[in-house]
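Chemist: The following file, data.pdb, comprises PDB, C-alpha atoms:
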MODEL        1
ATOM      1  CA  MET A 236       4.745  11.612   8.205  1.00  0.00           C
ATOM      2  CA  VAL A 237       7.156  14.317   7.102  1.00  0.00           C
ATOM      3  CA  ASP A 238       8.556  14.669  10.620  1.00  0.00           C
ATOM      4  CA  CYS A 239       8.862  10.891  10.950  1.00  0.00           C
ATOM      5  CA  ALA A 240      10.714  10.622   7.615  1.00  0.00           C
ATOM      6  CA  LYS A 241      13.088  13.443   8.609  1.00  0.00           C
ATOM      7  CA  GLU A 242      13.746  12.115  12.127  1.00  0.00           C
ATOM      8  CA  ARG A 243      14.574   8.653  10.832  1.00  0.00           C
ATOM      9  CA  SER A 244      16.509   9.797   7.759  1.00  0.00           C
ATOM     10  CA  ILE A 245      14.206   7.824   5.468  1.00  0.00           C
ATOM     11  CA  ASP A 246      15.464   7.749   1.892  1.00  0.00           C
ATOM     12  CA  MET A 247      12.708   5.587   0.341  1.00  0.00           C
ATOM     13  CA  ILE A 248       9.034   4.876   0.958  1.00  0.00           C
ATOM     14  CA  VAL A 249       7.583   1.605  -0.295  1.00  0.00           C
ATOM     15  CA  ASP A 250       3.802   1.947  -0.529  1.00  0.00           C
ATOM     16  CA  LEU A 251       2.112  -1.397   0.173  1.00  0.00           C
ATOM     17  CA  SER A 252      -1.288   0.093   0.985  1.00  0.00           C
ATOM     18  CA  HIS A 253      -4.619  -1.320  -0.167  1.00  0.00           C
ATOM     19  CA  PRO A 254      -5.512  -0.505  -3.791  1.00  0.00           C
ATOM     20  CA  TYR A 255      -8.421   1.676  -2.619  1.00  0.00           C
ATOM     21  CA  ALA A 256      -6.390   3.565   0.024  1.00  0.00           C
ATOM     22  CA  LYS A 257      -5.822   6.438  -2.366  1.00  0.00           C
ATOM     23  CA  VAL A 258      -5.314   9.076   0.340  1.00  0.00           C
ATOM     24  CA  VAL A 259      -2.512   7.042   1.919  1.00  0.00           C
ATOM     25  CA  SER A 260      -0.747   6.684  -1.435  1.00  0.00           C
ATOM     26  CA  GLU A 261      -1.225  10.368  -2.268  1.00  0.00           C
ATOM     27  CA  ASN A 262       0.242  11.353   1.107  1.00  0.00           C
ATOM     28  CA  ALA A 263       3.226   9.054   0.640  1.00  0.00           C
ATOM     29  CA  ARG A 264       3.905  10.434  -2.875  1.00  0.00           C
ATOM     30  CA  SER A 265       3.596  13.994  -1.603  1.00  0.00           C
ATOM     31  CA  ILE A 266       6.079  13.395   1.218  1.00  0.00           C
ATOM     32  CA  CYS A 267       8.543  11.834  -1.204  1.00  0.00           C
ATOM     33  CA  GLU A 268       8.290  14.836  -3.510  1.00  0.00           C
ATOM     34  CA  GLU A 269       8.643  17.278  -0.627  1.00  0.00           C
ATOM     35  CA  LEU A 270      11.676  15.519   0.843  1.00  0.00           C
ATOM     36  CA  ASN A 271      13.155  14.436  -2.502  1.00  0.00           C
ATOM     37  CA  ILE A 272      13.193  10.760  -1.560  1.00  0.00           C
ATOM     38  CA  LYS A 273      12.368   7.701  -3.666  1.00  0.00           C
ATOM     39  CA  TYR A 274       8.794   6.383  -3.827  1.00  0.00           C
ATOM     40  CA  VAL A 275       7.957   2.828  -4.890  1.00  0.00           C
ATOM     41  CA  ARG A 276       4.379   1.613  -5.206  1.00  0.00           C
ATOM     42  CA  TYR A 277       3.417  -2.042  -5.049  1.00  0.00           C
ATOM     43  CA  ALA A 278       0.303  -2.403  -7.226  1.00  0.00           C
ATOM     44  CA  ARG A 279      -1.869  -5.403  -6.459  1.00  0.00           C
ATOM     45  CA  LYS A 280      -3.018  -7.197  -9.612  1.00  0.00           C
ATOM     46  CA  LYS A 281      -6.605  -6.644 -10.617  1.00  0.00           C
ATOM     47  CA  SER A 282      -9.085  -9.472 -10.791  1.00  0.00           C
ATOM     48  CA  ALA A 283      -9.109 -11.371 -14.058  1.00  0.00           C
ATOM     49  CA  ASN A 284     -12.729 -12.503 -13.683  1.00  0.00           C
ATOM     50  CA  LYS A 285     -15.075 -10.104 -15.461  1.00  0.00           C
ATOM     51  CA  LYS A 286     -17.767 -12.469 -16.780  1.00  0.00           C
ATOM     52  CA  GLY A 287     -21.297 -11.556 -15.809  1.00  0.00           C
ATOM     53  CA  ASP A 288     -20.362  -8.729 -13.469  1.00  0.00           C
ATOM     54  CA  ILE A 289     -22.076  -5.396 -13.283  1.00  0.00           C
ATOM     55  CA  THR A 290     -18.982  -3.222 -13.381  1.00  0.00           C
ATOM     56  CA  LEU A 291     -18.868   0.303 -12.096  1.00  0.00           C
ATOM     57  CA  SER A 292     -15.948   2.680 -12.055  1.00  0.00           C
ATOM     58  CA  SER A 293     -16.584   4.540  -8.787  1.00  0.00           C
ATOM     59  CA  TYR A 294     -18.520   4.660  -5.563  1.00  0.00           C
ATOM     60  CA  GLU A 295     -20.601   7.469  -7.048  1.00  0.00           C
ATOM     61  CA  GLU A 296     -21.711   5.130  -9.852  1.00  0.00           C
ATOM     62  CA  ALA A 297     -22.485   2.495  -7.216  1.00  0.00           C
ATOM     63  CA  TYR A 298     -24.727   4.903  -5.266  1.00  0.00           C
ATOM     64  CA  GLU A 299     -26.572   5.801  -8.473  1.00  0.00           C
ATOM     65  CA  PHE A 300     -26.980   2.144  -9.496  1.00  0.00           C
ATOM     66  CA  LEU A 301     -28.149   1.036  -6.043  1.00  0.00           C
ATOM     67  CA  SER A 302     -30.713   3.836  -5.862  1.00  0.00           C
ATOM     68  CA  LYS A 303     -32.523   2.225  -8.818  1.00  0.00           C
ATOM     69  CA  ILE A 304     -32.638  -1.455  -7.848  1.00  0.00           C
ATOM     70  CA  LYS A 305     -34.944  -3.569  -5.702  1.00  0.00           C
ATOM     71  CA  GLY A 306     -33.814  -6.393  -3.459  1.00  0.00           C
ATOM     72  CA  THR A 307     -31.161  -7.426  -0.972  1.00  0.00           C
ATOM     73  CA  VAL A 308     -27.531  -6.372  -1.380  1.00  0.00           C
ATOM     74  CA  PHE A 309     -24.619  -7.990   0.464  1.00  0.00           C
ATOM     75  CA  PHE A 310     -21.689  -5.558   0.754  1.00  0.00           C
ATOM     76  CA  THR A 311     -18.105  -6.776   1.061  1.00  0.00           C
ATOM     77  CA  THR A 312     -16.598  -3.297   0.765  1.00  0.00           C
ATOM     78  CA  GLY A 313     -15.959  -2.669   4.447  1.00  0.00           C
ATOM     79  CA  SER A 314     -17.449   0.045   6.619  1.00  0.00           C
ATOM     80  CA  LYS A 315     -15.990   3.276   5.263  1.00  0.00           C
ATOM     81  CA  ASN A 316     -18.864   4.064   2.866  1.00  0.00           C
ATOM     82  CA  ILE A 317     -21.801   2.656   4.824  1.00  0.00           C
ATOM     83  CA  LYS A 318     -23.293   6.065   5.566  1.00  0.00           C
ATOM     84  CA  ASP A 319     -23.355   6.882   1.849  1.00  0.00           C
ATOM     85  CA  PHE A 320     -24.814   3.501   0.883  1.00  0.00           C
ATOM     86  CA  GLU A 321     -27.518   3.902   3.510  1.00  0.00           C
ATOM     87  CA  LYS A 322     -28.622   7.174   1.883  1.00  0.00           C
ATOM     88  CA  VAL A 323     -29.738   5.232  -1.218  1.00  0.00           C
ATOM     89  CA  ARG A 324     -31.077   2.077   0.486  1.00  0.00           C
ATOM     90  CA  GLY A 325     -34.752   2.988   0.301  1.00  0.00           C
ATOM     91  CA  GLU A 326     -36.865  -0.135   0.967  1.00  0.00           C
ATOM     92  CA  ASN A 327     -34.023  -2.510   0.074  1.00  0.00           C
ATOM     93  CA  ARG A 328     -32.150  -4.636   2.581  1.00  0.00           C
ATOM     94  CA  PHE A 329     -28.440  -3.841   2.762  1.00  0.00           C
ATOM     95  CA  ILE A 330     -26.201  -6.295   4.619  1.00  0.00           C
ATOM     96  CA  TYR A 331     -22.656  -5.193   5.464  1.00  0.00           C
ATOM     97  CA  ARG A 332     -19.684  -7.482   6.000  1.00  0.00           C
ATOM     98  CA  ALA A 333     -17.084  -5.489   7.895  1.00  0.00           C
ATOM     99  CA  LEU A 334     -14.229  -5.966  10.309  1.00  0.00           C
ATOM    100  CA  PRO A 335     -15.375  -6.789  13.851  1.00  0.00           C
ATOM    101  CA  ALA A 336     -13.736  -3.626  15.158  1.00  0.00           C
ATOM    102  CA  LEU A 337     -15.280  -0.919  17.330  1.00  0.00           C
ATOM    103  CA  GLU A 338     -14.718   1.686  14.604  1.00  0.00           C
ATOM    104  CA  SER A 339     -16.623  -0.399  12.024  1.00  0.00           C
ATOM    105  CA  LEU A 340     -19.464  -1.101  14.430  1.00  0.00           C
ATOM    106  CA  LYS A 341     -19.676   2.584  15.325  1.00  0.00           C
ATOM    107  CA  LEU A 342     -19.991   3.503  11.642  1.00  0.00           C
ATOM    108  CA  CYS A 343     -22.827   0.985  11.367  1.00  0.00           C
ATOM    109  CA  LYS A 344     -24.520   2.302  14.501  1.00  0.00           C
ATOM    110  CA  ASP A 345     -24.133   5.939  13.412  1.00  0.00           C
ATOM    111  CA  SER A 346     -25.767   5.016  10.077  1.00  0.00           C
ATOM    112  CA  ASN A 347     -28.684   3.255  11.836  1.00  0.00           C
ATOM    113  CA  VAL A 348     -27.834  -0.157  10.378  1.00  0.00           C
ATOM    114  CA  HIS A 349     -29.815  -2.930  12.083  1.00  0.00           C
ATOM    115  CA  MET A 350     -27.659  -5.453  13.960  1.00  0.00           C
ATOM    116  CA  ARG A 351     -29.194  -8.251  11.862  1.00  0.00           C
ATOM    117  CA  ASP A 352     -27.622  -6.583   8.805  1.00  0.00           C
ATOM    118  CA  ILE A 353     -24.048  -6.506  10.159  1.00  0.00           C
ATOM    119  CA  VAL A 354     -21.675  -9.411   9.569  1.00  0.00           C
ATOM    120  CA  GLY A 355     -18.606  -8.662  11.696  1.00  0.00           C
ATOM    121  CA  ILE A 356     -15.869 -11.015  10.579  1.00  0.00           C
ATOM    122  CA  LEU A 357     -12.204 -10.963   9.608  1.00  0.00           C
ATOM    123  CA  GLY A 358     -11.102 -12.558   6.320  1.00  0.00           C
ATOM    124  CA  PRO A 359      -9.638 -14.014   4.275  1.00  0.00           C
ATOM    125  CA  PHE A 360     -12.704 -15.885   3.014  1.00  0.00           C
ATOM    126  CA  SER A 361     -12.693 -19.040   0.931  1.00  0.00           C
ATOM    127  CA  LYS A 362     -15.253 -19.637  -1.795  1.00  0.00           C
ATOM    128  CA  GLU A 363     -16.993 -22.080   0.551  1.00  0.00           C
ATOM    129  CA  LEU A 364     -17.236 -19.587   3.416  1.00  0.00           C
ATOM    130  CA  ASN A 365     -18.542 -16.903   1.043  1.00  0.00           C
ATOM    131  CA  LYS A 366     -21.136 -19.381  -0.253  1.00  0.00           C
ATOM    132  CA  ALA A 367     -22.222 -20.210   3.296  1.00  0.00           C
ATOM    133  CA  MET A 368     -22.683 -16.515   4.161  1.00  0.00           C
ATOM    134  CA  PHE A 369     -24.425 -15.719   0.886  1.00  0.00           C
ATOM    135  CA  SER A 370     -26.687 -18.786   1.229  1.00  0.00           C
ATOM    136  CA  PHE A 371     -27.686 -17.680   4.715  1.00  0.00           C
ATOM    137  CA  TYR A 372     -28.477 -14.054   3.780  1.00  0.00           C
ATOM    138  CA  GLN A 373     -29.809 -14.826   0.256  1.00  0.00           C
ATOM    139  CA  PRO A 374     -28.890 -11.533  -1.412  1.00  0.00           C
ATOM    140  CA  ASP A 375     -29.948 -10.628  -4.928  1.00  0.00           C
ATOM    141  CA  TYR A 376     -26.691  -8.704  -5.396  1.00  0.00           C
ATOM    142  CA  CYS A 377     -23.197  -8.748  -3.924  1.00  0.00           C
ATOM    143  CA  LEU A 378     -21.227  -5.510  -4.093  1.00  0.00           C
ATOM    144  CA  MET A 379     -17.440  -5.682  -3.934  1.00  0.00           C
ATOM    145  CA  LYS A 380     -14.295  -3.806  -4.850  1.00  0.00           C
ATOM    146  CA  ASP A 381     -11.805  -5.310  -7.274  1.00  0.00           C
ATOM    147  CA  SER A 382      -9.275  -6.086  -4.579  1.00  0.00           C
ATOM    148  CA  GLY A 383      -7.569  -8.658  -6.768  1.00  0.00           C
ATOM    149  CA  GLU A 384      -6.513 -12.160  -5.893  1.00  0.00           C
ATOM    150  CA  ALA A 385      -5.102 -11.107  -2.518  1.00  0.00           C
ATOM    151  CA  GLY A 386      -8.403  -9.473  -1.594  1.00  0.00           C
ATOM    152  CA  GLY A 387     -10.549 -12.517  -2.366  1.00  0.00           C
ATOM    153  CA  THR A 388     -12.365 -11.069  -5.381  1.00  0.00           C
ATOM    154  CA  GLU A 389     -12.254 -14.345  -7.302  1.00  0.00           C
ATOM    155  CA  GLU A 390     -13.677 -16.320  -4.363  1.00  0.00           C
ATOM    156  CA  LYS A 391     -16.581 -13.874  -3.993  1.00  0.00           C
ATOM    157  CA  ILE A 392     -17.409 -13.844  -7.713  1.00  0.00           C
ATOM    158  CA  SER A 393     -17.234 -17.635  -7.949  1.00  0.00           C
ATOM    159  CA  ALA A 394     -19.467 -18.126  -4.897  1.00  0.00           C
ATOM    160  CA  CYS A 395     -22.007 -15.653  -6.296  1.00  0.00           C
ATOM    161  CA  LYS A 396     -22.051 -17.343  -9.690  1.00  0.00           C
ATOM    162  CA  ASP A 397     -22.711 -20.739  -8.066  1.00  0.00           C
ATOM    163  CA  LEU A 398     -25.663 -19.253  -6.171  1.00  0.00           C
ATOM    164  CA  GLY A 399     -27.097 -17.070  -8.948  1.00  0.00           C
ATOM    165  CA  ILE A 400     -26.278 -13.806  -7.188  1.00  0.00           C
ATOM    166  CA  LYS A 401     -25.562 -10.786  -9.398  1.00  0.00           C
ATOM    167  CA  THR A 402     -22.111  -9.330  -8.722  1.00  0.00           C
ATOM    168  CA  ILE A 403     -21.486  -5.592  -8.686  1.00  0.00           C
ATOM    169  CA  VAL A 404     -17.786  -4.827  -8.902  1.00  0.00           C
ATOM    170  CA  ILE A 405     -16.347  -1.374  -8.332  1.00  0.00           C
ATOM    171  CA  ARG A 406     -13.309  -1.484 -10.583  1.00  0.00           C
ATOM    172  CA  ARG A 407     -10.197   0.502  -9.872  1.00  0.00           C
ATOM    173  CA  GLY A 408      -8.217   2.587 -12.240  1.00  0.00           C
ATOM    174  CA  ASP A 409      -4.793   1.729 -13.516  1.00  0.00           C
ATOM    175  CA  GLU A 410      -1.915   2.632 -11.268  1.00  0.00           C
ATOM    176  CA  ASP A 411       1.797   2.749 -11.739  1.00  0.00           C
ATOM    177  CA  GLY A 412       3.747   0.358  -9.616  1.00  0.00           C
ATOM    178  CA  LEU A 413       5.410  -2.988  -9.295  1.00  0.00           C
ATOM    179  CA  GLU A 414       3.191  -6.069  -9.627  1.00  0.00           C
ATOM    180  CA  SER A 415       3.856  -9.569  -8.378  1.00  0.00           C
TER     181      SER A 415
ENDMDL
END
What do you get writing this file as structure tokens?

Modeler:
Amino acid sequence: MVDCAKERSIDMIVDLSHPYAKVVSENARSICEELNIKYVRYARKKSANKKGDITLSSYEEAYEFLSKIKGTVFFTTGSKNIKDFEKVRGENRFIYRALPALESLKLCKDSNVHMRDIVGILGPFSKELNKAMFSFYQPDYCLMKDSGEAGGTEEKISACKDLGIKTIVIRRGDEDGLES
């Protein structure tokens, strides 16, 4: 990234990365400091819906929580942390909704996830589509990140509430940046 910024005489980086892509944002900030260029972060608004959620502040808390429950969990957090979730699955059923990309499927395969527990699909997802998926798989819990309005958090929470599914939301910390 440093070489790219130098070669193209970049004088500002606007960080539009996902709220949970912390490494990308840290790298962008670091490059800006190193090259003395301006850094602007766009911060996606957090979800306003907090009623009835089990809220956790980190993936580590999620692993701890999941290691103590019984039932079926539907994950809408992508594929990055599947191997860590699988370590705490025990006798529970964990169903993963992830991008239908080779990389995601490889992470599932490498973590010994059964094909019946992989939902490979590209969002965005309406409340109705979430309800259809959740009705089909009948989870006891739905685990999600607070990806805000743009990430479909409200639609997931609303669908779960209609179906009596407990929501587990991994909240994100505050971040400096411009909000829309």

Chemist: Could you spell out the hits of the PyMOL selection byres ((chain A and resi 332) around 8) on the shown file, as a PyMOL selection string?

Modeler: chain A and resi 309-314+330-331+333-334+353-356

Chemist: Those residues with C-alpha atoms, as a compact mmCIF listing (two decimals), in the frame of the given file please?

Modeler:
# COMPACT_ATOMS: atom_id res chain seq x y z
CA PHE A 309 -24.62 -7.99 0.46
CA PHE A 310 -21.69 -5.56 0.75
CA THR A 311 -18.10 -6.78 1.06
CA THR A 312 -16.60 -3.30 0.76
CA GLY A 313 -15.96 -2.67 4.45
CA SER A 314 -17.45 0.04 6.62
CA ILE A 330 -26.20 -6.30 4.62
CA TYR A 331 -22.66 -5.19 5.46
CA ALA A 333 -17.08 -5.49 7.90
CA LEU A 334 -14.23 -5.97 10.31
CA ILE A 353 -24.05 -6.51 10.16
CA VAL A 354 -21.68 -9.41 9.57
CA GLY A 355 -18.61 -8.66 11.70
CA ILE A 356 -15.87 -11.02 10.58

Chemist: Which is closest to Ile272 in chain A among A:Val404, A:Glu295, A:Asp246, A:Leu251, if we use only C-alpha atoms?

Modeler: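 That would be A:Asp246, the residue with the smallest distance to Ile272 in chain A.
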
Chemist: For the file shown, report as a ChimeraX atom specification the outcome of the PyMOL selection byres ((chain A and resi 399) around 12) at residue level.

Modeler: /A:287-288,366,369-370,373-377,392-398,400-402

Chemist: List the spatial neighbours of Leu270 in chain A as a PDB file with C-alpha atoms, in the frame of the given file - criterion: any atom at most 9 Å away, only C-alpha atoms, same-chain residues fewer than 3 positions off excluded.

Modeler:
ATOM      1  CA  VAL A 237       7.156  14.317   7.102  1.00  0.00           C
ATOM      2  CA  ALA A 240      10.714  10.622   7.615  1.00  0.00           C
ATOM      3  CA  LYS A 241      13.088  13.443   8.609  1.00  0.00           C
ATOM      4  CA  ASP A 246      15.464   7.749   1.892  1.00  0.00           C
ATOM      5  CA  SER A 265       3.596  13.994  -1.603  1.00  0.00           C
ATOM      6  CA  ILE A 266       6.079  13.395   1.218  1.00  0.00           C
ATOM      7  CA  CYS A 267       8.543  11.834  -1.204  1.00  0.00           C
TER       8      CYS A 267
END

Chemist: Rounded to one decimal, what separation in Å do you get between CA of Glu384 in chain A and CA of Gly358 in chain A?

Modeler: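 Distance reported for this atom pair: 13.1 Å.
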
Chemist: Which residue is closest to Leu340 in chain A? Choose from A:Ile317, A:Met236, A:Ala278, A:Ile245 and count all atoms listed in the file.

Modeler: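 Once distances to Leu340 in chain A are computed over all atoms listed in the file, the minimum belongs to A:Ile317.
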
Chemist: Counting all atoms listed in the file, what is within 10 Å of Asp319 in chain A, bar same-chain residues fewer than 2 positions away, as a PyMOL selection string?

Modeler: chain A and resi 294-295+298+315-317+321-324+346

Chemist: I need the residue nearest Leu342 in chain A from this list: A:Glu363, A:Arg328, A:Lys380, A:Lys318. Use all atoms listed in the file for the distance.

Modeler: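 Of A:Glu363, A:Arg328, A:Lys380, A:Lys318, the one nearest Leu342 in chain A, counting all atoms listed in the file, is A:Lys318.
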
Chemist: Which residues match the PyMOL selection byres ((chain A and resi 359) around 8) in the file above, as a list in words?

Modeler: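 Expected selection for the PyMOL selection byres ((chain A and resi 359) around 8) here is Leu357, Gly358, Phe360, Ser361, Gly386 and Gly387 of chain A.
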
Chemist: Those residues you just picked out, can you put them in a file as an mmCIF file, in the frame of the given file with C-alpha atoms?

Modeler:
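Everything below was put into again.cif:
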data_model
loop_
_atom_site.group_PDB
_atom_site.id
_atom_site.type_symbol
_atom_site.label_atom_id
_atom_site.label_comp_id
_atom_site.auth_asym_id
_atom_site.auth_seq_id
_atom_site.Cartn_x
_atom_site.Cartn_y
_atom_site.Cartn_z
ATOM 1 C CA LEU A 357 -12.204 -10.963 9.608
ATOM 2 C CA GLY A 358 -11.102 -12.558 6.320
ATOM 3 C CA PHE A 360 -12.704 -15.885 3.014
ATOM 4 C CA SER A 361 -12.693 -19.040 0.931
ATOM 5 C CA GLY A 386 -8.403 -9.473 -1.594
ATOM 6 C CA GLY A 387 -10.549 -12.517 -2.366
#

Chemist: Compile the contact shell of Tyr274 in chain A as a list in words: residues with an atom at most 7 Å away, counting only C-alpha atoms, same-chain residues fewer than 5 positions apart removed.

Modeler: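 That gives Met247, Ile248, Val249, Arg264 and Cys267 of chain A.
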
Chemist: First collect every listed atom of range 293-309 of chain A; then fit an axis-aligned box around them, widen it by 8 Å on each side, and give centre and edge lengths in Å to one decimal, as lines of an AutoDock Vina configuration file.

Modeler:
center_x = -25.8
center_y = -0.3
center_z = -4.7
size_x = 34.4
size_y = 31.5
size_z = 26.3

Chemist: Could you tell me how far CA of Glu296 in chain A sits from CA of Asn327 in chain A, in Å to one decimal place?

Modeler: 17.6 Å

Chemist: Please, what distance in Å, to one decimal, runs between CA of Tyr372 in chain A and CA of Arg351 in chain A?

Modeler: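 CA of Arg351 in chain A lies 10.0 Å from CA of Tyr372 in chain A.
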
Chemist: Nearest to Asp352 in chain A: which of A:Glu326, A:Asp381, A:Ser302, A:Thr307 is it, counting all atoms listed in the file?

Modeler: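 Closest residue, counting all atoms listed in the file: A:Thr307.
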
Chemist: Can you take the partial range 352-368 of chain A, add N, CA and C atoms, and return it as a short mmCIF file (atom, residue, chain, number, x, y, z; two decimals), keeping the file's coordinate frame?

Modeler:
data_model
loop_
_atom_site.label_atom_id
_atom_site.label_comp_id
_atom_site.auth_asym_id
_atom_site.auth_seq_id
_atom_site.Cartn_x
_atom_site.Cartn_y
_atom_site.Cartn_z
N ASP A 352 -28.20 -6.87 10.12
CA ASP A 352 -27.62 -6.58 8.80
C ASP A 352 -26.13 -6.29 8.87
N ILE A 353 -25.49 -6.68 9.99
CA ILE A 353 -24.05 -6.51 10.16
C ILE A 353 -23.42 -7.89 10.31
N VAL A 354 -22.44 -8.17 9.47
CA VAL A 354 -21.68 -9.41 9.57
C VAL A 354 -20.25 -8.99 9.93
N GLY A 355 -19.93 -9.06 11.21
CA GLY A 355 -18.61 -8.66 11.70
C GLY A 355 -17.67 -9.86 11.69
N ILE A 356 -16.75 -9.86 10.73
CA ILE A 356 -15.87 -11.02 10.58
C ILE A 356 -14.60 -10.58 9.87
N LEU A 357 -13.51 -11.26 10.20
CA LEU A 357 -12.20 -10.96 9.61
C LEU A 357 -11.84 -12.04 8.59
N GLY A 358 -11.50 -11.62 7.38
CA GLY A 358 -11.10 -12.56 6.32
C GLY A 358 -9.68 -13.02 6.53
N PRO A 359 -9.14 -13.78 5.63
CA PRO A 359 -9.64 -14.01 4.28
C PRO A 359 -10.76 -15.05 4.25
N PHE A 360 -11.55 -15.01 3.15
CA PHE A 360 -12.70 -15.88 3.01
C PHE A 360 -12.54 -16.80 1.81
N SER A 361 -12.73 -18.07 2.02
CA SER A 361 -12.69 -19.04 0.93
C SER A 361 -14.00 -18.93 0.15
N LYS A 362 -14.02 -19.56 -1.00
CA LYS A 362 -15.25 -19.64 -1.80
C LYS A 362 -16.36 -20.29 -0.96
N GLU A 363 -16.01 -21.34 -0.24
CA GLU A 363 -16.99 -22.08 0.55
C GLU A 363 -17.57 -21.22 1.67
N LEU A 364 -16.73 -20.45 2.34
CA LEU A 364 -17.24 -19.59 3.42
C LEU A 364 -18.11 -18.48 2.84
N ASN A 365 -17.69 -17.90 1.71
CA ASN A 365 -18.54 -16.90 1.04
C ASN A 365 -19.89 -17.52 0.69
N LYS A 366 -19.88 -18.72 0.13
CA LYS A 366 -21.14 -19.38 -0.25
C LYS A 366 -22.03 -19.59 0.97
N ALA A 367 -21.43 -19.99 2.08
CA ALA A 367 -22.22 -20.21 3.30
C ALA A 367 -22.88 -18.90 3.75
N MET A 368 -22.12 -17.82 3.76
CA MET A 368 -22.68 -16.52 4.16
C MET A 368 -23.76 -16.07 3.19
#
